[in-house]
$ cat target_28.pdb   # PDB, C-alpha atoms
MODEL        1
ATOM      1  CA  MET A   1       0.000   0.000   0.000
ATOM      2  CA  ILE A   2       1.253   3.490  -0.888
ATOM      3  CA  LYS A   3       2.805   5.152   2.172
ATOM      4  CA  TRP A   4       0.769   8.344   2.018
ATOM      5  CA  LEU A   5      -2.446   6.329   1.866
ATOM      6  CA  ILE A   6      -1.399   4.539   5.052
ATOM      7  CA  TRP A   7      -0.840   7.874   6.782
ATOM      8  CA  LEU A   8      -4.192   9.069   5.463
ATOM      9  CA  GLN A   9      -5.795   6.008   7.036
ATOM     10  CA  ALA A  10      -3.991   6.758  10.307
ATOM     11  CA  ALA A  11      -5.218  10.374  10.198
ATOM     12  CA  ARG A  12      -8.869   9.234  10.379
ATOM     13  CA  ILE A  13     -10.128  12.212   8.389
ATOM     14  CA  THR A  14     -13.728  11.452   9.350
ATOM     15  CA  SER A  15     -12.847  12.343  12.954
ATOM     16  CA  ALA A  16     -11.983  15.914  11.917
ATOM     17  CA  ILE A  17     -15.562  16.962  12.666
ATOM     18  CA  ASN A  18     -14.904  16.262  16.356
ATOM     19  CA  ILE A  19     -12.275  19.038  16.347
ATOM     20  CA  GLN A  20     -13.304  21.450  13.606
ATOM     21  CA  LEU A  21     -16.969  21.701  14.604
ATOM     22  CA  PRO A  22     -16.269  22.805  18.223
ATOM     23  CA  LEU A  23     -13.841  25.385  16.794
ATOM     24  CA  ALA A  24     -16.582  26.618  14.466
ATOM     25  CA  PHE A  25     -18.950  26.702  17.448
ATOM     26  CA  GLY A  26     -16.483  28.857  19.386
ATOM     27  CA  SER A  27     -16.175  31.175  16.401
ATOM     28  CA  GLY A  28     -19.968  31.391  16.282
ATOM     29  CA  LEU A  29     -20.002  32.387  19.954
ATOM     30  CA  ALA A  30     -17.469  35.117  19.205
ATOM     31  CA  TYR A  31     -19.534  36.382  16.296
ATOM     32  CA  SER A  32     -22.691  36.412  18.423
ATOM     33  CA  VAL A  33     -20.953  38.644  20.978
ATOM     34  CA  ASN A  34     -19.377  41.336  18.799
ATOM     35  CA  ASP A  35     -19.169  40.116  15.194
ATOM     36  CA  SER A  36     -15.543  39.107  15.861
ATOM     37  CA  CYS A  37     -14.807  36.556  13.182
ATOM     38  CA  SER A  38     -12.830  36.708   9.958
ATOM     39  CA  VAL A  39     -11.717  34.337   7.217
ATOM     40  CA  GLU A  40      -8.112  34.793   8.360
ATOM     41  CA  ASN A  41      -9.024  33.726  11.894
ATOM     42  CA  LEU A  42     -10.939  30.705  10.600
ATOM     43  CA  LEU A  43      -7.876  29.626   8.617
ATOM     44  CA  TRP A  44      -5.674  29.942  11.698
ATOM     45  CA  LEU A  45      -8.147  27.803  13.610
ATOM     46  CA  PHE A  46      -8.364  25.255  10.804
ATOM     47  CA  PHE A  47      -4.605  24.663  10.932
ATOM     48  CA  TYR A  48      -4.749  24.414  14.718
ATOM     49  CA  GLY A  49      -7.545  21.861  14.388
ATOM     50  CA  ILE A  50      -5.583  19.733  11.922
ATOM     51  CA  ALA A  51      -2.489  19.660  14.150
ATOM     52  CA  THR A  52      -4.581  18.886  17.231
ATOM     53  CA  GLN A  53      -6.480  16.108  15.492
ATOM     54  CA  LEU A  54      -3.337  14.397  14.201
ATOM     55  CA  HIS A  55      -1.671  14.711  17.598
ATOM     56  CA  ILE A  56      -4.661  13.006  19.202
ATOM     57  CA  VAL A  57      -5.402  10.253  16.693
ATOM     58  CA  PHE A  58      -1.768   9.221  16.199
ATOM     59  CA  LEU A  59      -0.970   9.014  19.906
ATOM     60  CA  ASN A  60      -4.335   7.466  20.714
ATOM     61  CA  ASP A  61      -3.700   4.719  18.161
ATOM     62  CA  TRP A  62      -0.289   4.139  19.722
ATOM     63  CA  THR A  63      -1.572   3.911  23.303
ATOM     64  CA  ASP A  64      -4.636   1.843  22.364
ATOM     65  CA  ARG A  65      -2.892  -0.622  20.060
ATOM     66  CA  VAL A  66      -3.504  -3.551  22.417
ATOM     67  CA  ALA A  67      -7.174  -2.691  22.949
ATOM     68  CA  ASP A  68      -7.669  -2.149  19.214
ATOM     69  CA  SER A  69      -6.159  -5.565  18.468
ATOM     70  CA  LEU A  70      -8.845  -7.096  20.718
ATOM     71  CA  ASN A  71     -11.617  -5.272  18.865
ATOM     72  CA  GLU A  72     -12.821  -7.733  16.240
ATOM     73  CA  LYS A  73     -15.675  -5.497  15.084
ATOM     74  CA  PRO A  74     -14.240  -2.003  14.488
ATOM     75  CA  THR A  75     -16.634   0.696  13.351
ATOM     76  CA  VAL A  76     -16.405   4.153  11.855
ATOM     77  CA  PHE A  77     -16.636   5.457  15.419
ATOM     78  CA  SER A  78     -14.249   3.141  17.190
ATOM     79  CA  GLY A  79     -11.491   0.560  17.000
ATOM     80  CA  GLY A  80      -8.735   2.934  15.882
ATOM     81  CA  SER A  81      -7.382   3.459  12.395
ATOM     82  CA  ARG A  82      -6.097  -0.169  12.298
ATOM     83  CA  VAL A  83      -2.716   0.819  10.829
ATOM     84  CA  LEU A  84      -0.909  -0.697  13.822
ATOM     85  CA  VAL A  85      -3.240  -3.676  14.135
ATOM     86  CA  GLU A  86      -2.605  -4.458  10.449
ATOM     87  CA  ASN A  87       1.156  -3.804  10.817
ATOM     88  CA  LYS A  88       1.162  -1.047   8.220
ATOM     89  CA  LEU A  89       3.196   1.344  10.390
ATOM     90  CA  ASP A  90       5.748   0.895  13.140
ATOM     91  CA  PRO A  91       4.309   1.956  16.549
ATOM     92  CA  HIS A  92       7.293   4.227  17.280
ATOM     93  CA  GLU A  93       6.865   5.890  13.891
ATOM     94  CA  LEU A  94       3.246   6.742  14.670
ATOM     95  CA  ARG A  95       4.107   7.877  18.206
ATOM     96  CA  ASN A  96       6.838  10.218  16.972
ATOM     97  CA  ALA A  97       4.519  11.732  14.373
ATOM     98  CA  GLY A  98       1.945  12.385  17.097
ATOM     99  CA  LEU A  99       4.526  14.119  19.263
ATOM    100  CA  VAL A 100       5.608  16.294  16.336
ATOM    101  CA  PHE A 101       2.051  17.526  15.783
ATOM    102  CA  GLY A 102       1.705  18.256  19.493
ATOM    103  CA  PHE A 103       4.849  20.383  19.246
ATOM    104  CA  LEU A 104       3.346  22.140  16.213
ATOM    105  CA  VAL A 105       0.308  23.051  18.324
ATOM    106  CA  LEU A 106       2.632  24.767  20.793
ATOM    107  CA  ILE A 107       4.448  26.587  17.974
ATOM    108  CA  TRP A 108       1.092  27.651  16.506
ATOM    109  CA  SER A 109      -0.186  29.012  19.826
ATOM    110  CA  THR A 110       3.046  30.929  20.480
ATOM    111  CA  THR A 111       3.053  32.417  16.978
ATOM    112  CA  VAL A 112      -0.566  33.557  17.206
ATOM    113  CA  ALA A 113       0.002  34.886  20.737
ATOM    114  CA  ILE A 114       2.832  37.099  19.491
ATOM    115  CA  PHE A 115       1.447  38.369  16.203
ATOM    116  CA  MET A 116      -2.222  38.674  17.230
ATOM    117  CA  ILE A 117      -1.518  39.737  20.833
ATOM    118  CA  ARG A 118      -3.264  36.780  22.450
ATOM    119  CA  PRO A 119      -0.972  36.234  25.473
ATOM    120  CA  HIS A 120      -3.141  33.563  27.122
ATOM    121  CA  LEU A 121      -3.452  31.353  24.037
ATOM    122  CA  PRO A 122      -0.389  29.126  24.721
ATOM    123  CA  LEU A 123      -1.696  28.372  28.219
ATOM    124  CA  ILE A 124      -5.146  27.428  26.885
ATOM    125  CA  CYS A 125      -3.561  25.135  24.286
ATOM    126  CA  VAL A 126      -1.313  23.538  26.924
ATOM    127  CA  ILE A 127      -4.407  22.839  29.013
ATOM    128  CA  GLY A 128      -6.009  21.169  25.995
ATOM    129  CA  LEU A 129      -2.947  19.011  25.349
ATOM    130  CA  SER A 130      -2.728  18.168  29.053
ATOM    131  CA  LEU A 131      -6.329  16.920  29.109
ATOM    132  CA  PHE A 132      -5.531  14.559  26.249
ATOM    133  CA  TRP A 133      -2.360  13.317  27.951
ATOM    134  CA  LEU A 134      -4.288  12.661  31.157
ATOM    135  CA  TYR A 135      -6.912  10.848  29.109
ATOM    136  CA  SER A 136      -4.723   8.631  26.982
ATOM    137  CA  LEU A 137      -1.071   8.564  28.068
ATOM    138  CA  PRO A 138       0.763   7.205  31.116
ATOM    139  CA  PRO A 139       1.065   7.644  34.002
ATOM    140  CA  ALA A 140      -2.559   8.858  34.389
ATOM    141  CA  LYS A 141      -4.158   7.089  31.397
ATOM    142  CA  LEU A 142      -7.613   7.803  32.810
ATOM    143  CA  ASN A 143      -9.487   6.153  29.956
ATOM    144  CA  TYR A 144      -8.191   2.883  31.430
ATOM    145  CA  ARG A 145      -9.299   3.890  34.938
ATOM    146  CA  VAL A 146     -12.287   6.198  35.215
ATOM    147  CA  GLY A 147     -13.177   9.683  34.024
ATOM    148  CA  GLY A 148     -11.883   9.565  30.470
ATOM    149  CA  GLU A 149     -15.221  10.696  29.085
ATOM    150  CA  ILE A 150     -15.191  13.714  31.403
ATOM    151  CA  LEU A 151     -11.772  14.781  30.120
ATOM    152  CA  GLN A 152     -12.940  14.315  26.532
ATOM    153  CA  ALA A 153     -16.021  16.462  27.153
ATOM    154  CA  LEU A 154     -13.943  19.215  28.764
ATOM    155  CA  GLY A 155     -11.412  19.217  25.935
ATOM    156  CA  VAL A 156     -13.878  19.160  23.047
ATOM    157  CA  GLY A 157     -16.727  21.024  24.709
ATOM    158  CA  ALA A 158     -14.788  23.761  26.521
ATOM    159  CA  VAL A 159     -11.121  24.098  25.509
ATOM    160  CA  LEU A 160     -11.631  24.034  21.730
ATOM    161  CA  PRO A 161     -14.487  26.585  21.714
ATOM    162  CA  ILE A 162     -12.545  28.797  24.144
ATOM    163  CA  VAL A 163      -9.504  28.718  21.832
ATOM    164  CA  ALA A 164     -11.701  29.861  18.947
ATOM    165  CA  PHE A 165     -13.555  32.457  21.019
ATOM    166  CA  TYR A 166     -10.377  33.947  22.453
ATOM    167  CA  LEU A 167      -8.541  34.014  19.134
ATOM    168  CA  ASN A 168     -11.454  35.857  17.533
ATOM    169  CA  THR A 169     -12.217  38.307  20.339
ATOM    170  CA  GLY A 170      -9.092  38.577  22.478
ATOM    171  CA  THR A 171     -11.381  38.822  25.508
ATOM    172  CA  GLY A 172     -12.312  36.579  28.401
ATOM    173  CA  ILE A 173     -15.455  34.483  28.829
ATOM    174  CA  GLU A 174     -18.387  36.293  30.422
ATOM    175  CA  THR A 175     -21.048  34.563  32.526
ATOM    176  CA  ASP A 176     -23.650  34.035  29.788
ATOM    177  CA  ILE A 177     -21.078  32.540  27.413
ATOM    178  CA  ALA A 178     -19.711  30.389  30.231
ATOM    179  CA  ILE A 179     -23.156  28.893  30.845
ATOM    180  CA  VAL A 180     -23.550  28.146  27.135
ATOM    181  CA  LEU A 181     -20.191  26.379  27.210
ATOM    182  CA  ILE A 182     -21.214  24.344  30.270
ATOM    183  CA  GLY A 183     -24.375  23.258  28.445
ATOM    184  CA  TYR A 184     -22.273  22.289  25.444
ATOM    185  CA  VAL A 185     -19.906  20.329  27.701
ATOM    186  CA  PHE A 186     -22.888  18.317  28.951
ATOM    187  CA  LEU A 187     -23.841  17.535  25.342
ATOM    188  CA  GLN A 188     -20.265  16.482  24.634
ATOM    189  CA  PHE A 189     -20.180  14.312  27.751
ATOM    190  CA  GLY A 190     -23.328  12.542  26.582
ATOM    191  CA  ALA A 191     -21.643  12.013  23.217
ATOM    192  CA  ALA A 192     -18.424  10.768  24.850
ATOM    193  CA  VAL A 193     -20.306   8.133  26.850
ATOM    194  CA  ALA A 194     -22.222   7.051  23.732
ATOM    195  CA  PHE A 195     -18.982   6.865  21.732
ATOM    196  CA  THR A 196     -17.766   3.975  23.904
ATOM    197  CA  LEU A 197     -20.884   1.821  23.512
ATOM    198  CA  PRO A 198     -19.797  -0.087  20.380
ATOM    199  CA  ASP A 199     -16.444  -0.893  22.030
ATOM    200  CA  ILE A 200     -17.775  -2.216  25.310
ATOM    201  CA  GLU A 201     -16.702  -5.836  24.699
ATOM    202  CA  ALA A 202     -13.180  -5.022  23.496
ATOM    203  CA  ASP A 203     -12.739  -2.316  26.144
ATOM    204  CA  GLY A 204     -13.715  -4.777  28.856
ATOM    205  CA  LYS A 205     -11.130  -7.290  27.641
ATOM    206  CA  ALA A 206      -8.465  -4.578  27.495
ATOM    207  CA  GLY A 207      -9.263  -3.320  31.007
ATOM    208  CA  LYS A 208     -10.535   0.109  29.972
ATOM    209  CA  GLY A 209     -12.491   2.014  32.587
ATOM    210  CA  THR A 210     -15.296   3.519  30.508
ATOM    211  CA  PHE A 211     -18.696   4.186  32.037
ATOM    212  CA  ALA A 212     -20.176   1.606  29.667
ATOM    213  CA  VAL A 213     -17.762  -1.050  30.951
ATOM    214  CA  TYR A 214     -18.376  -0.145  34.590
ATOM    215  CA  PHE A 215     -22.158   0.214  34.488
ATOM    216  CA  GLY A 216     -23.277  -1.653  31.370
ATOM    217  CA  VAL A 217     -24.905  -0.500  28.151
ATOM    218  CA  LYS A 218     -28.333   0.339  29.549
ATOM    219  CA  LYS A 219     -27.086   2.544  32.401
ATOM    220  CA  ALA A 220     -24.535   4.197  30.123
ATOM    221  CA  ARG A 221     -27.326   4.966  27.691
ATOM    222  CA  VAL A 222     -29.411   6.528  30.486
ATOM    223  CA  LEU A 223     -26.398   8.582  31.601
ATOM    224  CA  SER A 224     -25.805   9.812  28.058
ATOM    225  CA  ILE A 225     -29.455  10.807  27.569
ATOM    226  CA  SER A 226     -29.623  12.505  30.985
ATOM    227  CA  CYS A 227     -26.508  14.603  30.370
ATOM    228  CA  SER A 228     -27.740  15.681  26.946
ATOM    229  CA  VAL A 229     -31.107  16.701  28.424
ATOM    230  CA  VAL A 230     -29.373  18.728  31.163
ATOM    231  CA  GLY A 231     -27.223  20.390  28.509
ATOM    232  CA  LEU A 232     -30.247  21.316  26.395
ATOM    233  CA  ILE A 233     -32.059  22.763  29.412
ATOM    234  CA  MET A 234     -29.027  24.926  30.247
ATOM    235  CA  LEU A 235     -28.745  26.097  26.656
ATOM    236  CA  ARG A 236     -32.416  27.037  26.533
ATOM    237  CA  PHE A 237     -31.995  28.870  29.848
ATOM    238  CA  CYS A 238     -29.246  30.942  28.190
ATOM    239  CA  GLY A 239     -31.629  32.121  25.501
ATOM    240  CA  ILE A 240     -30.770  29.686  22.719
ATOM    241  CA  PRO A 241     -33.800  29.693  20.359
ATOM    242  CA  ALA A 242     -36.366  26.981  21.079
ATOM    243  CA  GLU A 243     -36.276  25.702  17.498
ATOM    244  CA  LEU A 244     -32.558  24.893  17.816
ATOM    245  CA  ILE A 245     -33.205  23.020  21.053
ATOM    246  CA  MET A 246     -36.094  21.074  19.537
ATOM    247  CA  CYS A 247     -34.101  20.017  16.465
ATOM    248  CA  THR A 248     -31.164  19.021  18.639
ATOM    249  CA  SER A 249     -33.397  16.866  20.845
ATOM    250  CA  LEU A 250     -34.875  14.817  17.969
ATOM    251  CA  PRO A 251     -32.289  11.977  18.182
ATOM    252  CA  LEU A 252     -33.023  11.652  21.906
ATOM    253  CA  VAL A 253     -36.737  11.432  21.154
ATOM    254  CA  LEU A 254     -36.050   8.667  18.616
ATOM    255  CA  ILE A 255     -34.103   6.707  21.229
ATOM    256  CA  LEU A 256     -36.851   7.073  23.811
ATOM    257  CA  LEU A 257     -39.580   6.137  21.327
ATOM    258  CA  SER A 258     -37.750   3.129  19.949
ATOM    259  CA  LEU A 259     -38.241   1.130  23.169
ATOM    260  CA  VAL A 260     -35.457  -1.166  21.955
ATOM    261  CA  VAL A 261     -33.421  -3.167  24.427
ATOM    262  CA  ILE A 262     -29.888  -2.535  23.171
ATOM    263  CA  ASP A 263     -28.198  -5.921  23.295
ATOM    264  CA  THR A 264     -27.000  -6.475  19.748
ATOM    265  CA  GLN A 265     -24.219  -4.809  17.774
ATOM    266  CA  ASN A 266     -26.634  -3.190  15.306
ATOM    267  CA  ASN A 267     -28.752  -1.671  18.065
ATOM    268  CA  ILE A 268     -25.665  -0.462  19.905
ATOM    269  CA  MET A 269     -24.521   1.287  16.741
ATOM    270  CA  PHE A 270     -27.948   2.891  16.367
ATOM    271  CA  ALA A 271     -27.872   4.078  19.979
ATOM    272  CA  ALA A 272     -24.319   5.398  19.680
ATOM    273  CA  ALA A 273     -25.145   7.332  16.511
ATOM    274  CA  MET A 274     -28.315   8.859  17.956
ATOM    275  CA  LEU A 275     -26.755   9.740  21.311
ATOM    276  CA  MET A 276     -23.712  11.359  19.727
ATOM    277  CA  SER A 277     -25.884  13.396  17.367
ATOM    278  CA  PRO A 278     -27.124  16.158  19.732
ATOM    279  CA  ALA A 279     -23.626  17.611  20.257
ATOM    280  CA  ILE A 280     -23.035  17.628  16.499
ATOM    281  CA  ILE A 281     -26.479  18.895  15.512
ATOM    282  CA  PHE A 282     -26.507  21.710  18.067
ATOM    283  CA  ALA A 283     -23.095  23.075  17.068
ATOM    284  CA  MET A 284     -23.979  22.956  13.360
ATOM    285  CA  LEU A 285     -27.363  24.621  13.843
ATOM    286  CA  PHE A 286     -25.909  27.263  16.159
ATOM    287  CA  VAL A 287     -23.186  28.188  13.667
ATOM    288  CA  LEU A 288     -25.698  28.384  10.812
ATOM    289  CA  TYR A 289     -28.122  30.422  12.928
ATOM    290  CA  VAL A 290     -25.512  32.913  14.138
ATOM    291  CA  PHE A 291     -23.874  33.555  10.784
ATOM    292  CA  SER A 292     -27.194  33.824   8.945
ATOM    293  CA  ASN A 293     -28.618  36.501  11.253
TER     294      ASN A 293
ENDMDL
END

$ encode --input "target_28.pdb" --output "structure tokens"
Amino acid sequence: MIKWLIWLQAARITSAINIQLPLAFGSGLAYSVNDSCSVENLLWLFFYGIATQLHIVFLNDWTDRVADSLNEKPTVFSGGSRVLVENKLDPHELRNAGLVFGFLVLIWSTTVAIFMIRPHLPLICVIGLSLFWLYSLPPAKLNYRVGGEILQALGVGAVLPIVAFYLNTGTGIETDIAIVLIGYVFLQFGAAVAFTLPDIEADGKAGKGTFAVYFGVKKARVLSISCSVVGLIMLRFCGIPAELIMCTSLPLVLILLSLVVIDTQNNIMFAAAMLMSPAIIFAMLFVLYVFSN
């Protein structure tokens, strides 16, 4: 197989939405406050998102190579890129590439801090990288203990939007924006719990400490739904239009109306897709709403 195609497989391009959409959401928040958003800023954020994504997926593949080898039914959501499981790349090669992109994130944040006068940006980016290291890398490696989903929600739901908001505005987060971000973090936590559902068997064999492994599929599903509902209530409380909340809640309604006992792979995939959808749908609708008004 051509080398660049192997690296493209390792990059898991489909996962870019998990990084780029929260950055777009943060830019939408900035625009809603004082119309602070430009094409130049969006390009800066796009490059940051690419470096962050590659740092995460490469190192996550490296740390999860044993767990991924136990996953006999990988999906578009889970199971890694398979480049290490299929022996297409050397583990050290992938690890080193991940470290390089992490270093590029630091260079990016320092450059933007200097030329755009955003002195706090490097610290925010370091916090984001630190959350990932606590999640996936030793000695903490919390996704193999407990709390990995919380770190994921904080990184994707808070740090990424804050990076975008701060780069665009150069100002701090006020109370109303903070509450919106907390609501979004709850949506992302619901999505993070749902993300682990298809991997519950392989994660259990590998000793991962996900909520689904600890509590089972049904309780994890209830936790995911509950957190998404709390997030939507907070967002509505902040003045987010009711139509956005209603559209975002549709996947949750489908889950509740299905009355399906999720005990097969197909049903788990359906549940995972529906429960991850609110975080994606809300961010997309919010960005479209803000920039169209």

$ closest_atom_pairs --input "target_28.pdb" --of "range 129-223 of chain A" --to "range 30-46 of chain A" --cutoff "6 Å" --atoms "all atoms listed in the file" --output "JSON lines"
{"residue": "A:Phe165", "atom": "CA", "partner": "A:Ala30", "partner_atom": "CA", "distance": 5.1}
{"residue": "A:Asn168", "atom": "CA", "partner": "A:Ser36", "partner_atom": "CA", "distance": 5.5}
{"residue": "A:Thr169", "atom": "CA", "partner": "A:Ser36", "partner_atom": "CA", "distance": 5.6}

$ closest_residue --input "target_28.pdb" --among "A:Val159, A:Met284, A:Ile182, A:Leu151" --to "Leu134 in chain A" --atoms "all atoms listed in the file"
A:Leu151

$ closest_residue --input "target_28.pdb" --among "A:Ser109, A:Gln53, A:Ser277, A:Thr175" --to "Ile13 in chain A" --atoms "only C-alpha atoms"
A:Gln53

$ closest_residue --input "target_28.pdb" --among "A:Pro122, A:Gly207, A:Gly183, A:Pro139" --to "Asp64 in chain A" --atoms "all atoms listed in the file"
A:Gly207

$ atom_distance --input "target_28.pdb" --atom1 "CA of Arg12 in chain A" --atom2 "CA of Asp68 in chain A"
14.5 Å

$ resolve_selection --input "target_28.pdb" --expression "the PyMOL selection byres ((chain A and resi 148) around 9)" --output "PDB file with C-alpha atoms, in the frame of the given file"
ATOM      1  CA  LEU A 134      -4.288  12.661  31.157  1.00  0.00           C
ATOM      2  CA  TYR A 135      -6.912  10.848  29.109  1.00  0.00           C
ATOM      3  CA  SER A 136      -4.723   8.631  26.982  1.00  0.00           C
ATOM      4  CA  LYS A 141      -4.158   7.089  31.397  1.00  0.00           C
ATOM      5  CA  LEU A 142      -7.613   7.803  32.810  1.00  0.00           C
ATOM      6  CA  ASN A 143      -9.487   6.153  29.956  1.00  0.00           C
ATOM      7  CA  TYR A 144      -8.191   2.883  31.430  1.00  0.00           C
ATOM      8  CA  ARG A 145      -9.299   3.890  34.938  1.00  0.00           C
ATOM      9  CA  VAL A 146     -12.287   6.198  35.215  1.00  0.00           C
ATOM     10  CA  GLY A 147     -13.177   9.683  34.024  1.00  0.00           C
ATOM     11  CA  GLU A 149     -15.221  10.696  29.085  1.00  0.00           C
ATOM     12  CA  ILE A 150     -15.191  13.714  31.403  1.00  0.00           C
ATOM     13  CA  LEU A 151     -11.772  14.781  30.120  1.00  0.00           C
ATOM     14  CA  GLN A 152     -12.940  14.315  26.532  1.00  0.00           C
ATOM     15  CA  ALA A 153     -16.021  16.462  27.153  1.00  0.00           C
ATOM     16  CA  ALA A 192     -18.424  10.768  24.850  1.00  0.00           C
ATOM     17  CA  GLY A 209     -12.491   2.014  32.587  1.00  0.00           C
ATOM     18  CA  THR A 210     -15.296   3.519  30.508  1.00  0.00           C
ATOM     19  CA  PHE A 211     -18.696   4.186  32.037  1.00  0.00           C
TER      20      PHE A 211
END

$ atom_distance --input "target_28.pdb" --atom1 "CA of Glu86 in chain A" --atom2 "CA of Lys208 in chain A"
21.6 Å

$ residues_around --input "target_28.pdb" --residues "Ser228 in chain A" --least-positions-apart "5" --cutoff "7 Å" --atoms "only C-alpha atoms" --output "PyMOL selection string"
chain A and resi 186-187+190

$ write_last_selection --input "target_28.pdb" --atoms "C-alpha atoms" --output "PDB file, in the coordinates of the input"
ATOM      1  CA  PHE A 186     -22.888  18.317  28.951  1.00  0.00           C
ATOM      2  CA  LEU A 187     -23.841  17.535  25.342  1.00  0.00           C
ATOM      3  CA  GLY A 190     -23.328  12.542  26.582  1.00  0.00           C
TER       4      GLY A 190
END

$ closest_residue --input "target_28.pdb" --among "A:Val100, A:Ile268, A:Ala11, A:Ile17" --to "Ala283 in chain A" --atoms "all atoms listed in the file"
A:Ile17

$ atom_distance --input "target_28.pdb" --atom1 "CA of Phe195 in chain A" --atom2 "CA of Ile19 in chain A"
14.9 Å

$ residues_around --input "target_28.pdb" --residues "Tyr166 in chain A" --least-positions-apart "2" --cutoff "9 Å" --atoms "all atoms listed in the file" --output "list in words"
Gly26, Ser27, Ala30, Arg118, His120, Leu121, Pro161, Ile162, Val163, Ala164, Asn168, Thr169, Gly170, Thr171, Gly172 and Ile173 of chain A

$ write_last_selection --input "target_28.pdb" --atoms "C-alpha atoms" --output "PDB file, keeping the file's coordinate frame"
ATOM      1  CA  GLY A  26     -16.483  28.857  19.386  1.00  0.00           C
ATOM      2  CA  SER A  27     -16.175  31.175  16.401  1.00  0.00           C
ATOM      3  CA  ALA A  30     -17.469  35.117  19.205  1.00  0.00           C
ATOM      4  CA  ARG A 118      -3.264  36.780  22.450  1.00  0.00           C
ATOM      5  CA  HIS A 120      -3.141  33.563  27.122  1.00  0.00           C
ATOM      6  CA  LEU A 121      -3.452  31.353  24.037  1.00  0.00           C
ATOM      7  CA  PRO A 161     -14.487  26.585  21.714  1.00  0.00           C
ATOM      8  CA  ILE A 162     -12.545  28.797  24.144  1.00  0.00           C
ATOM      9  CA  VAL A 163      -9.504  28.718  21.832  1.00  0.00           C
ATOM     10  CA  ALA A 164     -11.701  29.861  18.947  1.00  0.00           C
ATOM     11  CA  ASN A 168     -11.454  35.857  17.533  1.00  0.00           C
ATOM     12  CA  THR A 169     -12.217  38.307  20.339  1.00  0.00           C
ATOM     13  CA  GLY A 170      -9.092  38.577  22.478  1.00  0.00           C
ATOM     14  CA  THR A 171     -11.381  38.822  25.508  1.00  0.00           C
ATOM     15  CA  GLY A 172     -12.312  36.579  28.401  1.00  0.00           C
ATOM     16  CA  ILE A 173     -15.455  34.483  28.829  1.00  0.00           C
TER      17      ILE A 173
END
